[in-house]
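Comments concern the structure below.
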Amino acid sequence: MPNDLTPRVLDALDSARAETEASLIEWLRIPSVSAQPAHAPDCRRAAEWLVRELAALGFEAGLRETPGHPVVIASHPGPQPTPGRDVPHVLIYGHYDVQPPEPLELWTSPPFEPTLTEGPRGPRITARGAVDDKGQVMTWLAALRAWHKVAGGPPVRVSVLVEGEEEIGSPSLDPVLEAEKAALSADVALISDTNMWAPGVPALTVSLRGMVYTQIDLRLGARDLHSGLFGGSAVNVLNLLTRILGELKDENGRVQIPGFYDNIPEPTAEQRAAWDALGFDEAAFLGSQGMSTSGGEKGRSAPERLWARPTADINGIWGGYMGEGTKTVIACEGHAKLSCRLVPGQDPAKITDGIRQFVQSRLPPDAKFTLQVFGEAPAVAVPADSPWLAAAEAVLQEEFGRPAVRAGGGGSIPVASSLKGILGLDCLMMGFGLDDDQVHSPNEKFEMACLHSGARSHVRLLGKLGGG
């Protein structure tokens, strides 16, 4: 049953909407760009800001230093234990770092001067980090504030883990999880870094694709060559690289990396029926981004391709002369970024080995090839019978007046696999972003309706988990 204080906490939360928005604006002004060394002091300021906010709510809060940016760790014991009643322990995860804002000229307002404007669905805030992830962190921080105001603290035991390197692959996080394993041991991990199904339609993300991110570096010969003197005799490394990359997929969209599809289970009939019932409009999905042609494996539905099938994508390619005008050279070096989104059944290390085999088998003997590996993370799936999932479905139904969609996530949240692998925790992924929030792009925004309904949902969820 829900906690009987929940209605009062919701009232307190609603009365503090202006405070919630002002607090978010204050935090968004800190340019905590983890990828750029010049912003390292700003990352620390963003972390210290959150420590102060949590300490004011009765949390024991502090920073854990890492070789990179610090991690915020905080804990609250929750209510006094009573005989015969177990108080759940919830670990809440978020990240305070943000993507670089460039290209700056495409922003309609400065990225670190948060701007409230009226959109088609009401007020929205535009700033880097508005939805990813400071705005979504604010949904649960505002809920904790309201519980503190009414009840003196949350109705469950809460630990908080907020990192500053999510946008660069979380290189420092796993050692922190290992070192703090005892303190962070909990019953479930709660993450708000995902999307709703549509405006006003809540969603719970029940699966995430994993990730392998690599860089291919090829070299052939001692130097760039004159294309008139050597063209027709010397191998052009850029021609070679693009030919290899062009063989990544066959005419049906199937990835040709060795062993790529090994051990991937086919969706059940029930899963396919559930996806079909969603009425996913791929034409509208692509049309919102100015596209009309779909990709991926032929013969599979859009939800299946987005959530349950792996991908391989070239994210960047460069080499040779790239300046203005002409320079007729045969390049000796070529480089490409290649990422693969993984699904359950795939082993990231084996996929990396497959990429290496795929490239190496297509090279002439005198080519020099290296593969840099920037990240490997397995896919994550939430058990369908999870009681935490059922609790979240109930509170979202209460808040939105309609059932939540159990959706797959096409993206990756590496911490989800770390929380499972190191702490043994399943993740409850209850997010409030929208597809048009322009995450990682200029003019990133967060709808105020999503901010406040997200906070109300977190109030309800904490109340339900801490109820009689």
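Note on naming: chains are A, B, ... as they come in the structure tokens, residues start from 1 per chain, ligands start from 1 in the order shown.
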Can you tell me, as a VMD selection string, what residues are no more than 9 Å from stretch 170-186 of chain A when counting only C-alpha atoms, ignoring any on the same chain fewer than 5 positions away?
chain A and resid 64 to 71 73 75 88 to 91 157 to 161 163 to 165 375 414 to 415 418 to 419 422 to 425
Requested write-out: C-alpha atoms of the selected residues, as an mmCIF file, in the first residue's frame:
data_model
loop_
_atom_site.group_PDB
_atom_site.id
_atom_site.type_symbol
_atom_site.label_atom_id
_atom_site.label_comp_id
_atom_site.auth_asym_id
_atom_site.auth_seq_id
_atom_site.Cartn_x
_atom_site.Cartn_y
_atom_site.Cartn_z
ATOM 1 C CA ARG A 64 35.012 10.276 -3.718
ATOM 2 C CA GLU A 65 38.094 11.305 -5.641
ATOM 3 C CA THR A 66 39.038 9.471 -8.832
ATOM 4 C CA PRO A 67 41.792 9.866 -11.433
ATOM 5 C CA GLY A 68 39.203 11.915 -13.320
ATOM 6 C CA HIS A 69 36.176 13.778 -12.004
ATOM 7 C CA PRO A 70 34.838 13.159 -8.480
ATOM 8 C CA VAL A 71 31.851 10.955 -7.676
ATOM 9 C CA ILE A 73 28.089 9.488 -2.776
ATOM 10 C CA SER A 75 23.242 8.088 2.138
ATOM 11 C CA PRO A 88 13.811 -1.214 1.237
ATOM 12 C CA HIS A 89 17.171 0.257 0.317
ATOM 13 C CA VAL A 90 17.145 2.176 -2.971
ATOM 14 C CA LEU A 91 20.327 3.253 -4.754
ATOM 15 C CA ARG A 157 16.679 3.942 2.976
ATOM 16 C CA VAL A 158 18.357 5.849 0.144
ATOM 17 C CA SER A 159 21.879 5.888 -1.214
ATOM 18 C CA VAL A 160 22.872 8.283 -3.985
ATOM 19 C CA LEU A 161 25.576 7.770 -6.598
ATOM 20 C CA GLU A 163 29.193 10.502 -11.318
ATOM 21 C CA GLY A 164 30.938 13.067 -13.478
ATOM 22 C CA GLU A 165 32.207 10.940 -16.351
ATOM 23 C CA GLY A 375 34.676 0.934 -24.214
ATOM 24 C CA PRO A 414 27.136 1.516 -19.104
ATOM 25 C CA VAL A 415 26.518 1.952 -15.395
ATOM 26 C CA SER A 418 28.287 -2.250 -13.836
ATOM 27 C CA LEU A 419 25.586 -2.066 -11.172
ATOM 28 C CA ILE A 422 29.599 -5.456 -9.408
ATOM 29 C CA LEU A 423 26.719 -4.831 -6.992
ATOM 30 C CA GLY A 424 24.287 -7.481 -8.257
ATOM 31 C CA LEU A 425 21.519 -4.897 -8.686
#
Find the residues around A:Ala22 up to 12 Å (only C-alpha atoms counted), leave out those fewer than 2 positions away in its own chain, and share them as a ChimeraX atom specification.
/A:16-20,24-29,114-116,125,135,138,142,448
Using DSSP on the backbone, list every residue of stretch 225-287 of chain A that comes out as helix (DSSP H, G or I), and give them as a ChimeraX atom specification.
/A:227-230,237-246,269-277,282-287
Resulting file, chosen residues, N, CA and C atoms, as a CSV table (one decimal), in the first residue's frame:
chain,number,residue,atom,x,y,z
A,227,SER,N,49.8,11.5,-56.3
A,227,SER,CA,48.9,10.6,-57.0
A,227,SER,C,49.2,10.5,-58.5
A,228,GLY,N,49.9,11.4,-59.1
A,228,GLY,CA,50.3,11.3,-60.5
A,228,GLY,C,51.5,10.4,-60.6
A,229,LEU,N,52.4,10.4,-59.7
A,229,LEU,CA,53.6,9.5,-59.8
A,229,LEU,C,53.3,8.1,-59.4
A,230,PHE,N,52.4,7.9,-58.4
A,230,PHE,CA,52.2,6.6,-57.8
A,230,PHE,C,50.8,6.0,-58.0
A,237,VAL,N,45.4,4.0,-48.9
A,237,VAL,CA,44.9,3.5,-47.7
A,237,VAL,C,43.4,3.9,-47.4
A,238,LEU,N,43.0,5.1,-48.0
A,238,LEU,CA,41.7,5.5,-47.8
A,238,LEU,C,40.7,4.7,-48.7
A,239,ASN,N,41.2,4.4,-49.9
A,239,ASN,CA,40.4,3.5,-50.7
A,239,ASN,C,40.2,2.1,-50.0
A,240,LEU,N,41.3,1.6,-49.5
A,240,LEU,CA,41.3,0.4,-48.8
A,240,LEU,C,40.3,0.4,-47.6
A,241,LEU,N,40.5,1.4,-46.8
A,241,LEU,CA,39.6,1.5,-45.6
A,241,LEU,C,38.2,1.6,-45.9
A,242,THR,N,37.8,2.5,-46.9
A,242,THR,CA,36.4,2.6,-47.2
A,242,THR,C,35.8,1.3,-47.8
A,243,ARG,N,36.7,0.6,-48.6
A,243,ARG,CA,36.2,-0.7,-49.1
A,243,ARG,C,35.9,-1.6,-48.0
A,244,ILE,N,36.8,-1.7,-47.0
A,244,ILE,CA,36.6,-2.6,-45.9
A,244,ILE,C,35.3,-2.2,-45.1
A,245,LEU,N,35.2,-0.9,-44.8
A,245,LEU,CA,34.0,-0.5,-44.1
A,245,LEU,C,32.7,-0.7,-44.9
A,246,GLY,N,32.8,-0.6,-46.2
A,246,GLY,CA,31.7,-0.9,-47.1
A,246,GLY,C,31.2,-2.3,-47.0
A,269,ALA,N,7.1,-14.9,-29.4
A,269,ALA,CA,5.8,-14.4,-30.0
A,269,ALA,C,5.1,-13.4,-29.2
A,270,GLU,N,5.2,-13.5,-27.8
A,270,GLU,CA,4.6,-12.6,-26.9
A,270,GLU,C,5.3,-11.2,-27.0
A,271,GLN,N,6.6,-11.2,-27.1
A,271,GLN,CA,7.3,-9.9,-27.3
A,271,GLN,C,7.0,-9.2,-28.6
A,272,ARG,N,6.9,-10.0,-29.7
A,272,ARG,CA,6.6,-9.4,-31.0
A,272,ARG,C,5.2,-8.8,-30.9
A,273,ALA,N,4.3,-9.6,-30.3
A,273,ALA,CA,2.9,-9.1,-30.2
A,273,ALA,C,2.8,-7.8,-29.4
A,274,ALA,N,3.6,-7.7,-28.3
A,274,ALA,CA,3.6,-6.5,-27.5
A,274,ALA,C,4.1,-5.3,-28.3
A,275,TRP,N,5.2,-5.6,-29.1
A,275,TRP,CA,5.8,-4.5,-29.9
A,275,TRP,C,4.8,-4.0,-30.9
A,276,ASP,N,4.1,-5.0,-31.6
A,276,ASP,CA,3.1,-4.6,-32.6
A,276,ASP,C,2.0,-3.8,-32.0
A,277,ALA,N,1.6,-4.1,-30.8
A,277,ALA,CA,0.5,-3.4,-30.2
A,277,ALA,C,0.8,-2.0,-29.9
A,282,GLU,N,7.3,4.4,-37.5
A,282,GLU,CA,8.7,4.6,-37.9
A,282,GLU,C,8.8,5.8,-38.9
A,283,ALA,N,7.8,6.0,-39.8
A,283,ALA,CA,7.9,7.1,-40.7
A,283,ALA,C,7.9,8.4,-40.0
A,284,ALA,N,7.0,8.5,-38.9
A,284,ALA,CA,7.0,9.8,-38.1
A,284,ALA,C,8.3,9.9,-37.3
A,285,PHE,N,8.8,8.8,-36.8
A,285,PHE,CA,10.0,8.8,-36.0
A,285,PHE,C,11.2,9.3,-36.8
A,286,LEU,N,11.3,8.8,-38.1
A,286,LEU,CA,12.4,9.3,-38.9
A,286,LEU,C,12.1,10.6,-39.5
A,287,GLY,N,10.8,10.9,-39.8
A,287,GLY,CA,10.5,12.2,-40.4
A,287,GLY,C,10.8,13.3,-39.5
Quick one: residues within 12 Å of A:Ile314, only C-alpha atoms counted, chain neighbours fewer than 2 positions away excluded, as a PyMOL selection string?
chain A and resi 213-216+241-242+244-249+311-312+316-318+335-341
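Distance annotation: of A:Asp11, A:Asp132, A:Asp353, A:Asp42, the residue with the minimal separation from A:Thr194 is A:Asp132; atom set is only C-alpha atoms.
Interatomic distance, atom CA of A:Asp187 against atom CA of A:Gln346: 26.6 Å.
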My list of candidates is A:Thr82, A:Ser417, A:Ser288, A:Gln397. Which is closest to A:Pro344 when distances are computed with only C-alpha atoms?
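Of the candidates, the smallest distance to A:Pro344 is held by A:Ser417.
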Looking only at strand (DSSP E or B) from DSSP on the backbone, list the matching residues of stretch 74-261 of chain A as a ChimeraX atom specification.
/A:74-76,89-95,98,115-119,122-126,157-163,188-191,195,198,201,203-208,210-219,225-226,231,234,249,255
For A:Pro403, the nearest of the candidates A:Asn195, A:Arg121, A:Gly320, A:Leu204, counting only C-alpha atoms
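For A:Pro403, the nearest of the candidates is A:Leu204.
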What's the 10 Å shell around stretch 261-267 of chain A, counting only C-alpha atoms, without same-chain residues fewer than 5 positions away, as a CSV table (one decimal) with C-alpha atoms, in the first residue's frame?
chain,number,residue,atom,x,y,z
A,254,ARG,CA,23.2,-8.0,-41.7
A,255,VAL,CA,26.5,-7.2,-40.1
A,256,GLN,CA,29.4,-9.3,-41.5
A,272,ARG,CA,6.6,-9.4,-31.0
A,273,ALA,CA,2.9,-9.1,-30.2
A,304,GLU,CA,12.8,-5.1,-32.9
A,308,ALA,CA,16.5,-6.4,-29.8
A,309,ARG,CA,19.0,-6.4,-32.7
A,310,PRO,CA,22.6,-5.3,-32.7
A,342,LEU,CA,24.9,-5.0,-28.5
A,343,VAL,CA,21.9,-7.1,-27.3
A,344,PRO,CA,21.7,-9.9,-24.7
A,345,GLY,CA,23.7,-12.9,-25.7
A,346,GLN,CA,26.6,-11.0,-27.2
A,347,ASP,CA,29.9,-10.9,-25.4
A,350,LYS,CA,34.2,-11.4,-28.6
A,351,ILE,CA,32.7,-8.7,-30.7
For atom CA of A:Ile92 and atom CA of A:Ala189, determine how far apart the two atoms are, in Å to one decimal place.
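So the answer is 5.7 Å.
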I want to know what sits within 12 Å of stretch 147-151 of chain A, based on only C-alpha atoms, with residues of the same chain fewer than 5 positions away left out; could you give that as a PDB file with C-alpha atoms, in the first residue's frame?
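Listing of part_30.pdb after writing:
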ATOM      1  CA  ASN A   3       2.582   5.584   2.284  1.00  0.00           C
ATOM      2  CA  ASP A   4      -0.249   7.630   3.841  1.00  0.00           C
ATOM      3  CA  LEU A   5       1.947  10.745   3.757  1.00  0.00           C
ATOM      4  CA  THR A   6       2.231  10.676  -0.031  1.00  0.00           C
ATOM      5  CA  PRO A   7      -0.674  13.112  -0.719  1.00  0.00           C
ATOM      6  CA  ARG A   8       0.829  15.691   1.645  1.00  0.00           C
ATOM      7  CA  VAL A   9       4.263  15.259   0.063  1.00  0.00           C
ATOM      8  CA  LEU A  10       2.764  15.763  -3.397  1.00  0.00           C
ATOM      9  CA  ASP A  11       1.134  18.980  -2.195  1.00  0.00           C
ATOM     10  CA  ALA A  12       4.453  20.184  -0.801  1.00  0.00           C
ATOM     11  CA  LEU A  13       6.180  19.328  -4.066  1.00  0.00           C
ATOM     12  CA  SER A  15       3.892  24.285  -3.958  1.00  0.00           C
ATOM     13  CA  ALA A  16       7.673  24.281  -4.508  1.00  0.00           C
ATOM     14  CA  GLU A  53      21.888  20.043  -1.659  1.00  0.00           C
ATOM     15  CA  LEU A  54      21.861  16.487  -0.316  1.00  0.00           C
ATOM     16  CA  ALA A  55      23.492  17.448   2.981  1.00  0.00           C
ATOM     17  CA  ALA A  56      20.703  19.996   3.516  1.00  0.00           C
ATOM     18  CA  LEU A  57      18.227  17.104   3.267  1.00  0.00           C
ATOM     19  CA  GLY A  58      19.878  15.140   6.056  1.00  0.00           C
ATOM     20  CA  PHE A  59      22.077  12.971   3.845  1.00  0.00           C
ATOM     21  CA  HIS A  76      20.146   8.520   4.299  1.00  0.00           C
ATOM     22  CA  GLY A  78      15.334   6.467   6.079  1.00  0.00           C
ATOM     23  CA  PRO A  79      12.710   5.920   8.775  1.00  0.00           C
ATOM     24  CA  GLN A  80      13.372   4.223  12.071  1.00  0.00           C
ATOM     25  CA  TRP A 140      14.268  12.738  -7.832  1.00  0.00           C
ATOM     26  CA  LEU A 141      16.106  15.476  -5.941  1.00  0.00           C
ATOM     27  CA  ALA A 142      12.884  17.537  -5.825  1.00  0.00           C
ATOM     28  CA  VAL A 156      12.956   4.229   2.525  1.00  0.00           C
ATOM     29  CA  ALA A 455       9.204  14.605  -9.597  1.00  0.00           C
ATOM     30  CA  ARG A 456       5.647  13.630  -8.663  1.00  0.00           C
ATOM     31  CA  HIS A 458       9.353   9.810  -7.755  1.00  0.00           C
ATOM     32  CA  VAL A 459       7.396  11.022  -4.731  1.00  0.00           C
ATOM     33  CA  ARG A 460       4.788   8.339  -5.407  1.00  0.00           C
ATOM     34  CA  LEU A 461       7.392   5.633  -5.989  1.00  0.00           C
ATOM     35  CA  LEU A 462       9.249   6.355  -2.749  1.00  0.00           C
ATOM     36  CA  GLY A 463       5.940   6.402  -0.926  1.00  0.00           C
ATOM     37  CA  GLY A 466       8.078   2.711   1.899  1.00  0.00           C
TER      38      GLY A 466
END
Closest atom pairs, stretch 97-117 of chain A residues within 7 Å of stretch 128-131 of chain A, only C-alpha atoms, as a tab-separated table:
residue	atom	partner	partner_atom	distance
A:Val98	CA	A:Gly129	CA	5.4
A:Pro101	CA	A:Arg128	CA	6.4
A:Pro111	CA	A:Arg128	CA	5.2
A:Phe112	CA	A:Arg128	CA	6.3
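Using only C-alpha atoms for every distance, the candidate list A:Trp307, A:Phe280, A:Phe260, A:Trp197 yields A:Trp307 as the residue closest to A:Gly410.
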I'd like to know which of A:Met429, A:Leu396, A:Ala127, A:Leu50 is closest to A:Pro31, using only C-alpha atoms.
A:Ala127
